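This is structure-v8.cif (mmCIF, C-alpha atoms and all ligand atoms).
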```cif
data_upload
#
loop_
_atom_site.label_atom_id
_atom_site.label_comp_id
_atom_site.auth_asym_id
_atom_site.auth_seq_id
_atom_site.Cartn_x
_atom_site.Cartn_y
_atom_site.Cartn_z
CA MET A 1 105.51 116.28 85.72
CA ASN A 2 102.83 114.43 83.88
CA TYR A 3 99.46 115.67 85.24
CA ILE A 4 96.52 113.75 83.82
CA VAL A 5 92.90 114.67 84.48
CA VAL A 6 90.30 112.01 83.69
CA ASP A 7 86.51 112.10 83.87
CA THR A 8 85.73 109.06 85.94
CA TYR A 9 87.08 106.96 88.77
CA GLU A 10 86.96 103.99 86.42
CA GLU A 11 89.25 105.71 83.95
CA LEU A 12 91.62 106.62 86.75
CA GLY A 13 91.81 102.98 87.80
CA LYS A 14 92.37 101.79 84.25
CA LYS A 15 95.17 104.26 83.55
CA ALA A 16 96.90 103.67 86.89
CA SER A 17 96.67 99.88 86.53
CA ASN A 18 98.10 100.13 83.01
CA ILE A 19 101.09 102.09 84.31
CA ILE A 20 101.71 99.52 87.06
CA ALA A 21 101.22 96.68 84.59
CA SER A 22 103.79 98.24 82.22
CA GLN A 23 106.27 98.41 85.09
CA VAL A 24 105.75 94.72 85.88
CA ILE A 25 106.04 93.75 82.21
CA MET A 26 109.19 95.80 81.68
CA LYS A 27 110.84 94.57 84.89
CA PRO A 28 109.25 91.34 86.16
CA ASN A 29 111.38 91.39 89.34
CA CYS A 30 110.58 95.02 90.16
CA VAL A 31 109.89 96.52 93.58
CA LEU A 32 106.47 98.14 93.77
CA GLY A 33 105.69 100.64 96.48
CA LEU A 34 102.00 100.26 97.28
CA ALA A 35 99.35 102.35 98.98
CA THR A 36 96.05 101.86 100.77
CA GLY A 37 92.92 104.03 100.96
CA SER A 38 89.82 103.98 98.80
CA THR A 39 91.49 105.54 95.74
CA PRO A 40 93.64 102.53 94.74
CA LEU A 41 90.76 100.03 95.00
CA GLY A 42 89.79 100.37 91.33
CA THR A 43 93.44 100.16 90.27
CA TYR A 44 93.90 96.97 92.28
CA LYS A 45 90.71 95.49 90.83
CA TYR A 46 92.00 95.96 87.28
CA LEU A 47 95.42 94.54 88.16
CA ALA A 48 93.71 91.47 89.61
CA GLU A 49 91.66 91.10 86.42
CA MET A 50 94.76 91.33 84.22
CA CYS A 51 96.49 88.75 86.36
CA ALA A 52 93.48 86.39 86.25
CA ALA A 53 93.38 86.76 82.46
CA GLY A 54 97.01 85.64 82.34
CA GLU A 55 98.16 89.02 81.04
CA LEU A 56 100.25 89.89 84.05
CA ASP A 57 102.66 87.88 86.18
CA PHE A 58 103.49 89.08 89.68
CA SER A 59 105.54 86.03 90.66
CA GLY A 60 108.83 87.93 90.52
CA VAL A 61 107.54 91.15 92.09
CA THR A 62 108.35 92.41 95.59
CA SER A 63 106.09 94.97 97.24
CA VAL A 64 106.66 97.43 100.05
CA ASN A 65 103.72 99.28 101.51
CA LEU A 66 103.79 102.82 102.71
CA ASP A 67 102.30 102.62 106.14
CA GLU A 68 100.37 100.88 108.92
CA TYR A 69 98.30 101.90 111.91
CA ALA A 70 100.10 101.56 115.23
CA GLY A 71 98.61 98.89 117.46
CA LEU A 72 96.75 97.00 114.72
CA ASP A 73 97.80 93.44 114.04
CA GLY A 74 97.71 92.25 110.42
CA SER A 75 94.59 90.20 111.15
CA HIS A 76 92.65 93.33 112.20
CA GLU A 77 90.19 94.20 109.44
CA GLN A 78 91.22 97.85 109.42
CA SER A 79 94.95 97.16 109.30
CA TYR A 80 96.67 97.99 106.08
CA ARG A 81 98.20 94.49 105.93
CA TYR A 82 94.65 93.09 105.95
CA PHE A 83 93.59 95.64 103.31
CA MET A 84 96.44 94.61 101.00
CA ASP A 85 95.88 90.88 101.52
CA THR A 86 92.16 91.24 100.84
CA ASN A 87 92.16 93.74 97.98
CA LEU A 88 95.25 92.73 96.08
CA PHE A 89 97.65 90.05 97.28
CA SER A 90 95.05 87.28 97.52
CA LYS A 91 93.92 88.10 93.97
CA ILE A 92 97.27 88.10 92.17
CA ASN A 93 100.09 85.57 91.94
CA ILE A 94 102.53 87.54 94.09
CA ASP A 95 104.59 85.52 96.59
CA ARG A 96 103.18 86.67 99.94
CA ASP A 97 106.66 86.33 101.47
CA LYS A 98 107.75 89.10 99.15
CA THR A 99 105.05 91.53 100.30
CA PHE A 100 106.10 93.90 103.05
CA VAL A 101 104.04 96.24 105.22
CA PRO A 102 105.60 97.98 108.22
CA SER A 103 104.51 96.35 111.47
CA GLY A 104 102.18 98.44 113.60
CA ILE A 105 102.62 96.13 116.56
CA ALA A 106 106.40 96.14 116.75
CA GLU A 107 107.45 96.88 120.33
CA ASP A 108 109.84 99.57 119.17
CA LEU A 109 108.43 101.44 116.18
CA GLU A 110 111.61 103.43 115.74
CA LYS A 111 113.63 100.23 115.36
CA GLU A 112 110.95 98.83 113.05
CA GLY A 113 111.34 101.98 110.95
CA GLN A 114 115.11 101.55 110.70
CA GLU A 115 114.70 97.92 109.71
CA TYR A 116 112.10 98.85 107.10
CA ASP A 117 114.45 101.41 105.54
CA ARG A 118 117.25 98.83 105.50
CA LEU A 119 114.91 96.34 103.84
CA ILE A 120 114.04 98.84 101.09
CA GLU A 121 117.71 99.70 100.62
CA GLY A 122 118.57 96.01 100.44
CA LEU A 123 115.98 95.55 97.71
CA GLY A 124 117.76 98.25 95.70
CA GLY A 125 115.03 100.84 96.28
CA ILE A 126 111.57 101.17 94.80
CA ASP A 127 111.00 101.06 91.05
CA LEU A 128 107.48 102.49 91.06
CA GLN A 129 105.79 104.06 94.07
CA LEU A 130 102.01 104.35 94.04
CA LEU A 131 100.69 107.15 96.25
CA GLY A 132 97.36 108.57 97.30
CA ILE A 133 97.07 111.96 98.95
CA GLY A 134 95.34 112.92 102.18
CA VAL A 135 93.10 116.00 102.38
CA ASP A 136 95.87 117.61 104.44
CA GLY A 137 98.47 116.76 101.79
CA HIS A 138 99.93 113.71 103.50
CA ILE A 139 101.59 110.97 101.47
CA GLY A 140 101.81 107.63 103.24
CA PHE A 141 101.18 108.97 106.73
CA ASN A 142 103.75 111.77 106.44
CA GLU A 143 101.65 114.45 108.07
CA PRO A 144 102.15 118.24 107.74
CA ASP A 145 105.10 119.20 109.91
CA SER A 146 107.84 121.81 110.18
CA VAL A 147 110.27 119.40 108.49
CA PHE A 148 110.21 116.56 105.98
CA THR A 149 111.16 113.37 107.83
CA ALA A 150 113.51 111.19 105.83
CA GLU A 151 113.28 107.90 107.69
CA THR A 152 110.42 105.49 108.25
CA HIS A 153 108.97 106.71 111.54
CA ALA A 154 106.12 106.66 114.01
CA VAL A 155 103.72 109.55 113.55
CA GLU A 156 100.79 111.02 115.45
CA LEU A 157 97.91 111.38 113.02
CA ASP A 158 96.31 114.75 112.37
CA GLU A 159 92.73 115.31 113.45
CA SER A 160 91.69 115.74 109.78
CA THR A 161 93.24 112.34 108.92
CA ILE A 162 91.47 110.67 111.82
CA GLU A 163 88.19 112.23 110.70
CA ALA A 164 88.75 111.24 107.06
CA ASN A 165 89.62 107.66 107.97
CA ALA A 166 86.86 107.24 110.59
CA ARG A 167 84.55 106.07 107.79
CA PHE A 168 86.32 102.71 107.82
CA PHE A 169 85.86 102.18 111.57
CA SER A 170 82.67 101.86 113.59
CA SER A 171 83.46 105.12 115.37
CA LYS A 172 86.05 107.88 115.26
CA ASP A 173 87.32 106.80 118.69
CA GLU A 174 88.46 103.52 117.22
CA VAL A 175 90.83 105.09 114.69
CA PRO A 176 94.37 104.61 115.98
CA ARG A 177 95.98 107.95 116.80
CA TRP A 178 99.43 106.79 115.76
CA ALA A 179 100.87 105.09 112.72
CA ILE A 180 104.17 104.09 111.19
CA THR A 181 104.99 105.47 107.78
CA MET A 182 107.67 105.17 105.17
CA GLY A 183 109.67 108.39 105.27
CA MET A 184 110.33 110.83 102.46
CA LYS A 185 113.74 109.42 101.56
CA SER A 186 112.48 106.06 100.29
CA ILE A 187 109.52 107.76 98.59
CA ILE A 188 111.56 110.42 96.82
CA GLN A 189 114.23 107.90 95.84
CA ALA A 190 111.68 105.72 94.04
CA LYS A 191 112.56 105.71 90.36
CA LYS A 192 109.01 106.58 89.33
CA ILE A 193 106.07 107.98 91.27
CA LEU A 194 102.41 107.56 90.42
CA LEU A 195 100.02 109.63 92.55
CA ILE A 196 96.31 109.04 92.19
CA ALA A 197 93.53 111.20 93.61
CA ASN A 198 89.79 111.08 93.30
CA GLY A 199 87.02 113.50 94.24
CA GLN A 200 86.31 117.22 94.61
CA ASN A 201 87.72 117.23 98.13
CA LYS A 202 91.22 116.57 96.77
CA LYS A 203 91.23 119.42 94.25
CA ALA A 204 92.47 122.21 96.54
CA ILE A 205 95.25 120.14 98.10
CA LEU A 206 96.49 118.98 94.68
CA GLU A 207 96.66 122.61 93.59
CA LYS A 208 98.70 123.48 96.70
CA ALA A 209 100.96 120.44 96.41
CA PHE A 210 101.88 120.83 92.77
CA ASN A 211 101.51 124.57 92.12
CA GLY A 212 102.48 125.99 95.50
CA PRO A 213 105.86 126.18 97.22
CA VAL A 214 107.68 123.04 98.38
CA ASP A 215 106.66 123.11 102.03
CA PRO A 216 106.68 120.36 104.69
CA MET A 217 103.28 121.69 105.80
CA VAL A 218 102.07 120.28 102.45
CA PRO A 219 104.01 116.98 102.48
CA ALA A 220 103.12 115.97 98.89
CA SER A 221 104.77 119.17 97.62
CA ILE A 222 108.14 117.42 97.96
CA LEU A 223 107.19 115.48 94.83
CA GLN A 224 107.86 118.65 92.82
CA LEU A 225 111.55 117.78 93.29
CA HIS A 226 111.18 114.32 91.76
CA PRO A 227 112.11 113.89 88.09
CA ASP A 228 109.47 111.30 87.16
CA VAL A 229 106.02 111.91 88.66
CA THR A 230 102.68 111.10 87.07
CA VAL A 231 99.53 112.41 88.76
CA ILE A 232 96.15 111.09 87.72
CA PHE A 233 93.16 113.01 89.07
CA SER A 234 89.51 112.26 88.63
CA GLU A 235 87.16 114.85 90.09
CA ASN A 236 84.17 112.51 90.01
C1 LIG A 301 95.36 107.12 104.21
C2 LIG A 301 96.67 106.50 103.78
C3 LIG A 301 97.30 107.24 102.64
C4 LIG A 301 96.25 107.49 101.57
C5 LIG A 301 95.20 108.38 102.13
C6 LIG A 301 94.13 108.79 101.12
O1 LIG A 301 95.49 108.11 105.17
N1 LIG A 301 97.61 106.42 104.85
O2 LIG A 301 98.40 106.50 102.13
O3 LIG A 301 96.85 108.09 100.45
O4 LIG A 301 94.58 107.64 103.17
O5 LIG A 301 93.09 107.88 101.15
P1 LIG A 301 91.87 107.83 100.17
O6 LIG A 301 92.40 107.23 98.92
O7 LIG A 301 90.89 106.92 100.85
O8 LIG A 301 91.39 109.21 100.00
#
```
Mind converting the file's structure to structure tokens?
Ligand code: GLP
Amino acid sequence: MNYIVVDTYEELGKKASNIIASQVIMKPNCVLGLATGSTPLGTYKYLAEMCAAGELDFSGVTSVNLDEYAGLDGSHEQSYRYFMDTNLFSKINIDRDKTFVPSGIAEDLEKEGQEYDRLIEGLGGIDLQLLGIGVDGHIGFNEPDSVFTAETHAVELDESTIEANARFFSSKDEVPRWAITMGMKSIIQAKKILLIANGQNKKAILEKAFNGPVDPMVPASILQLHPDVTVIFSEN
């Protein structure tokens, strides 16, 4: 594993965007697995800048996002579809029809999960998966559990996740209690993984995830089994 510690959030964003840019340059028709949260915002800003400067071409890229809140339509400002449209897709020359986010309003989330897995399989899997990490060790919305769940599935969010994500909503009560998340199979089968984390509050969980045992109670620990993981951590 390649574990990089940088001094600033800006540096984290620059390094992560350079890695994603390299992937797009090396394979212009690649499949990028993308993430939401506050950590990737800097990374997305730099990617948008590179694209605007004509240094990067996303026209052949397909993207698959990790997760979505259950019950939120893509036009809802706190939905992850809206986040991606606003913070990245509208700022780069990706074909919006080739950007995929699981639907949080599908009538049958289990069926939606199966279809999402088939979609990823049909695309030939993910070339580079960008991940953040939750304070409880979740990746995507794969919450601590007694097992690792392979398939894309509906999940009840942990109290700590609801609390952490309440900052984006006007009150904690508005945070959806359920979500749909890409499962571990598609994540672990990505050819390359890039996990980014920012802030003191992520230090302990990173230590557990990458230096502790592989344990479904620390979902990110499964990444220890992956042959090509880069972690970039900025404490500040
Ligand atoms: C959410 C997302 C995760 C993300 C995590 C960390 O819960 N579902 O995919 O990694 O937040 O977010 P942040 O980067 O804001 O700390």
Report the closest atom pair, with its distance in Å rounded to one decimal, for each residue of chain A that has an atom no farther than 6 Å from ligand LIG 301 (chain A); count only C-alpha atoms and all ligand atoms, sort by chain and then rising residue number, and write it as JSON lines.
```
{"residue": "A:Ala35", "atom": "CA", "partner": "A:LIG301", "partner_atom": "O2", "distance": 5.3}
{"residue": "A:Thr36", "atom": "CA", "partner": "A:LIG301", "partner_atom": "O2", "distance": 5.4}
{"residue": "A:Gly37", "atom": "CA", "partner": "A:LIG301", "partner_atom": "O7", "distance": 3.5}
{"residue": "A:Ser38", "atom": "CA", "partner": "A:LIG301", "partner_atom": "O7", "distance": 3.7}
{"residue": "A:Thr39", "atom": "CA", "partner": "A:LIG301", "partner_atom": "O6", "distance": 3.7}
{"residue": "A:Leu131", "atom": "CA", "partner": "A:LIG301", "partner_atom": "O3", "distance": 5.8}
{"residue": "A:Gly132", "atom": "CA", "partner": "A:LIG301", "partner_atom": "O3", "distance": 3.2}
{"residue": "A:Ile133", "atom": "CA", "partner": "A:LIG301", "partner_atom": "O3", "distance": 4.2}
{"residue": "A:Gly134", "atom": "CA", "partner": "A:LIG301", "partner_atom": "C6", "distance": 4.4}
{"residue": "A:Ile139", "atom": "CA", "partner": "A:LIG301", "partner_atom": "O2", "distance": 5.5}
{"residue": "A:Gly140", "atom": "CA", "partner": "A:LIG301", "partner_atom": "O2", "distance": 3.8}
{"residue": "A:Phe141", "atom": "CA", "partner": "A:LIG301", "partner_atom": "N1", "distance": 4.8}
```
I'd like the contact shell of A:Pro102 - 9 Å cut-off, all atoms listed in the file, skipping same-chain residues fewer than 2 positions apart - returned as a tab-separated table (two decimals) with C-alpha atoms, keeping the file's coordinate frame.
```tsv
chain	number	residue	atom	x	y	z
A	64	VAL	CA	106.66	97.43	100.05
A	65	ASN	CA	103.72	99.28	101.51
A	66	LEU	CA	103.79	102.82	102.71
A	67	ASP	CA	102.30	102.62	106.14
A	68	GLU	CA	100.37	100.88	108.92
A	81	ARG	CA	98.20	94.49	105.93
A	100	PHE	CA	106.10	93.90	103.05
A	104	GLY	CA	102.18	98.44	113.60
A	106	ALA	CA	106.40	96.14	116.75
A	112	GLU	CA	110.95	98.83	113.05
A	113	GLY	CA	111.34	101.98	110.95
A	116	TYR	CA	112.10	98.85	107.10
A	152	THR	CA	110.42	105.49	108.25
A	180	ILE	CA	104.17	104.09	111.19
A	181	THR	CA	104.99	105.47	107.78
A	182	MET	CA	107.67	105.17	105.17
```
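For the pair atom CA of A:Ala209 and atom CA of A:Leu225, the interatomic distance is 11.4 Å.
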Which protein, DNA or RNA residues have an atom at most 10 Å from (102.2, 113.7, 82.7), counting only C-alpha atoms? List them as number ranges by chain. A: 1-5, 194, 228-232
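For the pair atom CA of A:Ser63 and atom CA of A:Thr99, the separation is 4.7 Å.
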How many Å separate atom CA of A:Phe210 from atom CA of A:Ile187? 16.2 Å
